[in-house]
>>> print(open('input-v4.txt').read())   # compact mmCIF, C-alpha atoms
# COMPACT_ATOMS: atom_id res chain seq x y z
CA MET D 1 306.06 100.38 8.01
CA ILE D 2 304.74 103.93 7.92
CA ARG D 3 302.16 102.99 10.56
CA VAL D 4 304.87 101.52 12.79
CA MET D 5 306.99 104.66 12.46
CA GLN D 6 303.97 106.80 13.35
CA LEU D 7 303.34 104.73 16.46
CA ILE D 8 307.01 105.00 17.49
CA ALA D 9 306.97 108.77 16.97
CA THR D 10 303.77 109.09 19.02
CA ALA D 11 305.22 106.97 21.82
CA LEU D 12 308.40 109.07 21.92
CA ALA D 13 306.37 112.27 22.02
CA LEU D 14 304.22 110.98 24.89
CA ALA D 15 307.27 109.82 26.83
CA ALA D 16 308.76 113.29 26.58
CA MET D 17 305.65 114.94 28.06
CA PRO D 18 305.89 116.04 31.74
CA PRO D 19 303.23 114.75 34.17
CA ALA D 20 301.76 118.25 34.41
CA PRO D 21 302.39 121.41 32.40
CA GLN D 22 304.92 123.74 33.96
CA ALA D 23 304.99 127.51 33.92
CA ALA D 24 307.55 129.17 31.66
CA THR D 25 309.74 129.79 34.72
CA GLY D 26 310.04 126.05 35.44
CA TYR D 27 307.53 126.33 38.27
CA PRO D 28 307.19 124.36 40.45
CA ASN D 29 310.72 123.21 41.23
CA GLN D 30 310.42 123.05 45.03
CA PRO D 31 307.72 122.21 47.60
CA ILE D 32 304.57 124.35 47.70
CA ARG D 33 303.18 125.40 51.07
CA PHE D 34 299.46 125.75 51.77
CA VAL D 35 298.93 128.07 54.76
CA VAL D 36 295.65 126.90 56.29
CA ALA D 37 294.12 129.78 58.22
CA THR D 38 292.42 127.53 60.80
CA ALA D 39 293.51 124.93 63.36
CA PRO D 40 294.10 121.24 62.57
CA GLY D 41 291.12 118.93 62.55
CA GLY D 42 288.45 121.21 61.09
CA GLY D 43 286.71 121.15 57.74
CA LEU D 44 289.14 123.54 56.06
CA ASP D 45 292.13 121.54 57.30
CA THR D 46 290.70 118.32 55.89
CA PHE D 47 289.90 120.00 52.59
CA ALA D 48 293.40 121.49 52.30
CA ARG D 49 295.08 118.13 52.88
CA VAL D 50 292.89 116.35 50.32
CA LEU D 51 293.70 119.02 47.73
CA ALA D 52 297.40 119.05 48.68
CA ALA D 53 297.69 115.27 48.18
CA GLU D 54 296.13 115.37 44.73
CA LEU D 55 298.13 118.42 43.67
CA THR D 56 301.34 116.71 44.86
CA ALA D 57 300.60 113.82 42.53
CA ARG D 58 299.96 116.17 39.63
CA ALA D 59 302.80 118.63 40.22
CA GLY D 60 305.62 116.23 40.93
CA GLN D 61 306.50 118.42 43.92
CA GLN D 62 305.40 118.05 47.52
CA VAL D 63 302.47 120.25 48.53
CA VAL D 64 302.29 120.58 52.33
CA ALA D 65 299.60 122.07 54.55
CA GLU D 66 300.66 124.26 57.48
CA ASN D 67 298.09 125.49 60.00
CA ARG D 68 298.29 129.14 61.09
CA ALA D 69 295.13 129.69 63.14
CA GLY D 70 293.81 132.58 65.20
CA ALA D 71 292.05 135.95 65.15
CA GLY D 72 289.29 134.84 62.81
CA THR D 73 291.78 133.50 60.21
CA THR D 74 293.62 136.85 60.02
CA ILE D 75 296.93 135.50 61.41
CA GLY D 76 297.43 132.96 58.64
CA THR D 77 296.05 135.37 56.07
CA ALA D 78 298.50 138.11 57.07
CA ALA D 79 301.40 135.66 56.84
CA VAL D 80 300.57 134.93 53.21
CA ALA D 81 300.04 138.61 52.40
CA ARG D 82 303.64 139.19 53.51
CA ALA D 83 305.05 136.14 51.71
CA LYS D 84 307.22 136.29 48.62
CA PRO D 85 304.92 136.21 45.55
CA ASP D 86 306.64 133.27 43.90
CA GLY D 87 303.85 130.69 44.00
CA TYR D 88 305.37 128.64 46.81
CA THR D 89 303.28 130.09 49.67
CA LEU D 90 299.52 130.02 49.13
CA LEU D 91 296.50 130.70 51.31
CA VAL D 92 293.74 128.16 51.82
CA THR D 93 290.91 129.93 53.56
CA THR D 94 287.18 130.17 54.15
CA ALA D 95 284.47 132.77 53.67
CA ALA D 96 285.94 134.39 56.79
CA PHE D 97 288.42 135.98 54.37
CA ALA D 98 285.64 138.32 53.23
CA ILE D 99 284.33 138.91 56.76
CA GLY D 100 287.48 140.49 58.19
CA PRO D 101 286.91 143.95 56.65
CA ALA D 102 283.43 144.03 58.20
CA ILE D 103 284.40 143.17 61.78
CA TYR D 104 287.88 144.59 62.33
CA ARG D 105 288.68 148.28 62.46
CA ARG D 106 292.15 147.44 61.21
CA ILE D 107 293.54 144.30 59.62
CA PRO D 108 297.18 143.91 58.52
CA TYR D 109 296.29 143.34 54.86
CA ASP D 110 293.80 144.37 52.19
CA PRO D 111 291.84 141.32 50.94
CA LEU D 112 291.34 142.89 47.51
CA ARG D 113 294.73 144.53 46.99
CA ASP D 114 297.12 142.08 48.66
CA PHE D 115 295.95 138.80 47.11
CA ALA D 116 295.54 137.19 43.71
CA PRO D 117 292.53 134.82 43.70
CA VAL D 118 293.23 131.40 42.18
CA THR D 119 289.88 129.64 42.57
CA MET D 120 286.87 129.37 44.84
CA ALA D 121 287.40 125.67 45.26
CA ALA D 122 284.33 124.33 47.03
CA PHE D 123 281.28 125.41 48.97
CA THR D 124 278.95 124.01 51.60
CA PRO D 125 275.95 125.14 53.62
CA ASN D 126 276.37 125.78 57.30
CA LEU D 127 274.84 123.17 59.55
CA MET D 128 273.01 124.08 62.77
CA THR D 129 273.72 121.43 65.41
CA VAL D 130 273.12 120.81 69.11
CA HIS D 131 274.48 118.42 71.69
CA PRO D 132 272.19 115.35 71.97
CA SER D 133 271.29 116.29 75.55
CA VAL D 134 269.59 119.48 74.31
CA PRO D 135 265.82 118.81 74.15
CA ALA D 136 265.39 120.33 70.70
CA ARG D 137 264.48 118.29 67.64
CA SER D 138 263.91 121.22 65.31
CA VAL D 139 264.83 124.85 64.76
CA LYS D 140 261.45 125.86 66.22
CA ASP D 141 262.21 123.82 69.35
CA LEU D 142 265.56 125.59 69.69
CA ILE D 143 263.94 129.01 69.38
CA ALA D 144 261.45 128.09 72.11
CA LEU D 145 264.25 126.84 74.37
CA ALA D 146 266.24 130.01 73.80
CA ARG D 147 263.27 132.18 74.78
CA ALA D 148 262.61 130.11 77.89
CA GLY D 149 266.27 130.14 78.90
CA ALA D 150 266.61 133.89 78.44
CA ALA D 151 263.48 134.47 80.53
CA LYS D 152 264.97 132.42 83.38
CA GLY D 153 268.40 134.06 83.12
CA ASP D 154 269.89 130.81 81.86
CA PRO D 155 270.73 131.51 78.22
CA ILE D 156 271.82 128.83 75.78
CA LEU D 157 275.56 128.81 75.07
CA TYR D 158 276.64 128.59 71.44
CA ALA D 159 280.13 128.05 70.12
CA SER D 160 281.97 129.51 67.16
CA GLY D 161 285.50 129.47 65.77
CA GLY D 162 285.97 133.03 67.02
CA SER D 163 284.28 136.41 67.08
CA GLY D 164 283.44 137.52 63.58
CA THR D 165 283.92 134.13 61.92
CA ASN D 166 281.38 132.82 59.46
CA GLY D 167 279.86 130.56 62.10
CA HIS D 168 279.52 133.42 64.57
CA LEU D 169 277.89 135.81 62.10
CA ALA D 170 275.67 133.07 60.68
CA THR D 171 274.37 132.37 64.21
CA ALA D 172 274.07 136.07 65.07
CA LEU D 173 272.01 136.65 61.92
CA PHE D 174 269.78 133.69 62.85
CA LEU D 175 269.23 135.07 66.37
CA SER D 176 268.42 138.51 64.98
CA LEU D 177 265.86 137.18 62.51
CA ALA D 178 264.36 134.74 65.05
CA GLY D 179 264.17 137.43 67.75
CA VAL D 180 265.93 135.42 70.45
CA ASP D 181 269.15 135.67 72.46
CA MET D 182 271.91 133.19 73.23
CA THR D 183 275.37 133.63 74.74
CA HIS D 184 278.32 133.47 72.38
CA VAL D 185 281.36 131.40 73.40
CA PRO D 186 284.16 132.12 70.90
CA TYR D 187 287.02 129.65 70.45
CA LYS D 188 290.40 130.05 68.81
CA SER D 189 289.23 127.74 66.03
CA GLY D 190 286.10 125.98 64.89
CA SER D 191 287.56 122.54 65.66
CA LEU D 192 288.07 123.52 69.31
CA GLY D 193 284.46 124.68 69.49
CA VAL D 194 283.31 121.34 68.05
CA ILE D 195 285.28 119.48 70.72
CA ASP D 196 283.49 121.35 73.51
CA LEU D 197 280.12 120.95 71.77
CA ILE D 198 280.60 117.18 71.62
CA ALA D 199 281.63 117.24 75.30
CA GLY D 200 278.46 119.15 76.21
CA GLN D 201 280.29 122.26 77.43
CA VAL D 202 278.21 124.34 75.01
CA ALA D 203 274.77 123.55 73.62
CA MET D 204 274.75 124.70 70.00
CA MET D 205 277.01 125.49 67.07
CA THR D 206 276.47 126.56 63.48
CA ASP D 207 279.43 125.90 61.23
CA SER D 208 280.34 124.40 57.88
CA MET D 209 278.77 121.08 57.04
CA SER D 210 282.21 119.64 56.37
CA SER D 211 283.19 120.35 59.99
CA LEU D 212 280.01 119.03 61.62
CA LEU D 213 278.55 116.37 59.34
CA PRO D 214 280.87 113.53 60.47
CA HIS D 215 279.78 114.07 64.07
CA VAL D 216 276.10 114.18 63.09
CA ARG D 217 276.50 110.88 61.26
CA SER D 218 278.23 109.34 64.28
CA GLY D 219 275.40 110.44 66.58
CA ARG D 220 277.59 112.70 68.70
CA LEU D 221 275.67 115.77 67.50
CA ARG D 222 272.10 116.38 66.33
CA ALA D 223 271.45 118.47 63.23
CA LEU D 224 268.48 120.83 63.22
CA GLY D 225 268.74 122.59 59.88
CA VAL D 226 270.90 123.76 56.99
CA SER D 227 271.59 127.40 56.23
CA SER D 228 271.25 127.28 52.45
CA ALA D 229 268.20 128.34 50.46
CA ARG D 230 267.75 124.71 49.33
CA ARG D 231 268.15 121.45 51.18
CA ALA D 232 271.61 119.88 51.05
CA ALA D 233 272.28 116.79 48.95
CA ALA D 234 274.25 115.25 51.82
CA LEU D 235 271.24 115.47 54.18
CA PRO D 236 268.16 115.77 51.97
CA GLU D 237 265.80 114.93 54.82
CA LEU D 238 266.99 117.91 56.89
CA PRO D 239 264.95 121.11 56.40
CA THR D 240 266.49 124.48 55.77
CA ILE D 241 266.48 127.00 58.59
CA ALA D 242 264.38 129.31 56.42
CA GLU D 243 261.62 126.71 55.99
CA SER D 244 261.80 125.92 59.72
CA GLY D 245 260.34 129.22 60.84
CA VAL D 246 263.02 131.81 59.99
CA PRO D 247 262.07 133.01 56.50
CA GLY D 248 264.75 134.84 54.56
CA TYR D 249 267.61 133.26 56.47
CA GLU D 250 270.56 132.10 54.36
CA SER D 251 274.30 131.78 54.89
CA ALA D 252 276.97 129.57 53.37
CA GLN D 253 280.62 128.67 53.59
CA TRP D 254 283.21 128.46 50.87
CA TYR D 255 286.81 127.35 50.66
CA GLY D 256 289.25 129.09 48.36
CA LEU D 257 292.85 129.26 47.20
CA LEU D 258 294.72 132.57 46.90
CA ALA D 259 298.29 133.68 46.19
CA PRO D 260 300.06 136.85 47.30
CA ALA D 261 299.53 139.82 44.99
CA GLY D 262 302.32 140.16 42.46
CA THR D 263 302.58 136.44 41.76
CA PRO D 264 303.56 136.11 38.07
CA ALA D 265 300.69 135.53 35.66
CA ASP D 266 302.11 132.29 34.27
CA ILE D 267 302.38 130.82 37.77
CA LEU D 268 298.82 131.90 38.60
CA SER D 269 297.66 130.28 35.36
CA TRP D 270 299.47 127.04 36.27
CA LEU D 271 297.99 127.06 39.77
CA HIS D 272 294.46 127.61 38.50
CA ARG D 273 294.74 124.93 35.83
CA GLU D 274 296.25 122.29 38.09
CA ALA D 275 294.20 123.10 41.21
CA THR D 276 290.90 122.97 39.34
CA ALA D 277 291.94 119.75 37.59
CA ALA D 278 292.80 118.26 40.98
CA LEU D 279 289.43 119.33 42.39
CA ARG D 280 287.57 117.72 39.51
CA ALA D 281 289.35 114.38 39.95
CA ALA D 282 286.71 111.78 40.80
CA LYS D 283 288.40 110.63 44.01
CA VAL D 284 288.72 114.22 45.26
CA ARG D 285 285.17 115.13 44.32
CA ASP D 286 283.81 112.00 46.02
CA ARG D 287 285.93 112.55 49.14
CA LEU D 288 284.72 116.13 49.49
CA ALA D 289 281.11 115.15 48.85
CA ALA D 290 281.33 112.75 51.79
CA ASP D 291 281.91 115.82 53.97
CA GLY D 292 279.07 117.78 52.39
CA LEU D 293 281.32 119.84 50.11
CA GLU D 294 280.48 120.54 46.47
CA VAL D 295 283.36 121.30 44.10
CA ALA D 296 283.14 124.74 42.50
CA ALA D 297 286.53 125.26 40.79
CA THR D 298 285.70 128.77 39.58
CA THR D 299 287.77 131.12 37.48
CA PRO D 300 289.97 133.68 39.26
CA ASP D 301 287.69 136.49 38.06
CA ALA D 302 284.57 134.78 39.38
CA PHE D 303 286.28 134.20 42.73
CA ALA D 304 287.34 137.87 42.91
CA ALA D 305 283.73 138.92 42.23
CA LEU D 306 282.48 136.62 45.00
CA ILE D 307 284.95 138.10 47.49
CA ARG D 308 283.82 141.64 46.66
CA SER D 309 280.16 140.62 46.95
CA ASP D 310 280.71 138.86 50.28
CA ILE D 311 282.57 141.81 51.77
CA ALA D 312 279.54 143.98 50.98
CA LYS D 313 277.11 141.36 52.31
CA TRP D 314 278.84 140.77 55.64
CA THR D 315 279.42 144.48 56.20
CA LYS D 316 275.65 144.90 55.95
CA VAL D 317 274.98 141.93 58.27
CA VAL D 318 277.34 143.31 60.92
CA LYS D 319 275.42 146.58 60.88
CA VAL D 320 272.04 144.81 61.02
CA ILE D 321 272.97 142.77 64.10
CA GLY D 322 274.56 145.81 65.77
CA MET D 323 278.00 144.28 66.15
CA GLU D 324 280.71 146.80 66.94
CA PRO D 325 283.90 146.43 64.87
CA MET D 326 286.75 145.01 66.93
>>> encode(input="input-v4.txt", output="structure tokens")
Amino acid sequence: MIRVMQLIATALALAAMPPAPQAATGYPNQPIRFVVATAPGGGLDTFARVLAAELTARAGQQVVAENRAGAGTTIGTAAVARAKPDGYTLLVTTAAFAIGPAIYRRIPYDPLRDFAPVTMAAFTPNLMTVHPSVPARSVKDLIALARAGAAKGDPILYASGGSGTNGHLATALFLSLAGVDMTHVPYKSGSLGVIDLIAGQVAMMTDSMSSLLPHVRSGRLRALGVSSARRAAALPELPTIAESGVPGYESAQWYGLLAPAGTPADILSWLHREATAALRAAKVRDRLAADGLEVAATTPDAFAALIRSDIAKWTKVVKVIGMEPM
């Protein structure tokens, strides 16, 4: 009888538990909006929607993704910096968040002062790709083609998601270290650049693996190398750019979640706990891995340290390549 009563008490206690812990304020009690700082269709957009779906299931409230692209992610970022710090408007962004201070003379927010980091959610190497019509099968081939094209006054065109984006600076650093020139064709977003690369309007693009890997697998693009120090698990046969004749080259991409500064601590704690739990869910982890993304799910402090480190890194890179702030 005592055992039966214990089982009944346990069942009643479990039935009373909410599907996910709530903050002391009752958060969340309305839909949460993810502002995605890039255009629809790219790697960040896909990531945001995967995370939003899992967080919706955990939170019991709808989490929706809204794209606010442009100006190297600064338009969407500024919108969140101005948002009410109540946990219902969050920023989903890329490593471009830490590039803005290096490339713009003035930006309408301070990335360190105006935001509360929640988690660096995932990371991926950049992938160097070309249109299949380009007669380059390796990074060394591409360097040779670039030299020949520059000598003839017919430089190779490379795409990026905009001046000063991670893809742009990653390519500019590559060109500087390789000692070659190409012509930059900036787009409003990385996904638009990918469309023109697939169409053959531009020859080359370096961007996040999550953006480009599906097109490499479909045969619409050819991958030449990965930007990380080690080969990527998603394409283990593909050499790194550093081992392909450009020693010392390394760049990477990360995706992160931030709230406006001033968001209450209990809400930030809820967001970190539930977002990282969502990221570690097997179906989310496997879905992201299919796009070449590795779940990170860091602490807020670790994410803040990464942002500070990246700001310093990209400021140095901009100076090295001689790029004038915009």
>>> atom_distance(input="input-v4.txt", atom1="CA of Leu127 in chain D", atom2="CA of Pro300 in chain D")
27.4 Å
>>> closest_residue(input="input-v4.txt", among="D:Val318, D:Ala159, D:Ala282, D:Ala65", to="Leu90 in chain D", atoms="all atoms listed in the file")
D:Ala65
>>> closest_atom_pairs(input="input-v4.txt", of="range 55-134 of chain D", to="range 178-191 of chain D", cutoff="10 Å", atoms="all atoms listed in the file", output="CSV")
residue,atom,partner,partner_atom,distance
D:Ala69,CA,D:Ser189,CA,6.9
D:Gly70,CA,D:Lys188,CA,5.6
D:Ala71,CA,D:Lys188,CA,7.1
D:Gly72,CA,D:Lys188,CA,7.8
D:Thr73,CA,D:Ser189,CA,8.6
>>> atom_distance(input="input-v4.txt", atom1="CA of Val36 in chain D", atom2="CA of Val92 in chain D")
5.0 Å
>>> residues_around(input="input-v4.txt", residues="Arg222 in chain D", least_positions_apart="4", cutoff="10 Å", atoms="all atoms listed in the file", output="list in words")
Leu127, Met128, Thr129, Val130, His131, Pro132, Ser133, Val134, Ala136, Arg137, Ser138, Met204, Leu212, Leu213, His215, Val216, Arg217 and Ser218 of chain D
>>> write_last_selection(input="input-v4.txt", atoms="C-alpha atoms", output="CSV table (one decimal), keeping the file's coordinate frame")
chain,number,residue,atom,x,y,z
D,127,LEU,CA,274.8,123.2,59.6
D,128,MET,CA,273.0,124.1,62.8
D,129,THR,CA,273.7,121.4,65.4
D,130,VAL,CA,273.1,120.8,69.1
D,131,HIS,CA,274.5,118.4,71.7
D,132,PRO,CA,272.2,115.4,72.0
D,133,SER,CA,271.3,116.3,75.6
D,134,VAL,CA,269.6,119.5,74.3
D,136,ALA,CA,265.4,120.3,70.7
D,137,ARG,CA,264.5,118.3,67.6
D,138,SER,CA,263.9,121.2,65.3
D,204,MET,CA,274.8,124.7,70.0
D,212,LEU,CA,280.0,119.0,61.6
D,213,LEU,CA,278.6,116.4,59.3
D,215,HIS,CA,279.8,114.1,64.1
D,216,VAL,CA,276.1,114.2,63.1
D,217,ARG,CA,276.5,110.9,61.3
D,218,SER,CA,278.2,109.3,64.3
>>> residues_around(input="input-v4.txt", residues="range 286-293 of chain D", least_positions_apart="4", cutoff="10 Å", atoms="all atoms listed in the file", output="VMD selection string")
chain D and resid 43 46 to 47 50 to 51 121 to 127 208 to 214 232 to 235 253 to 255 279 to 282
>>> closest_residue(input="input-v4.txt", among="D:Ala116, D:Ala229, D:Val320, D:Val63", to="Phe303 in chain D", atoms="all atoms listed in the file")
D:Ala116
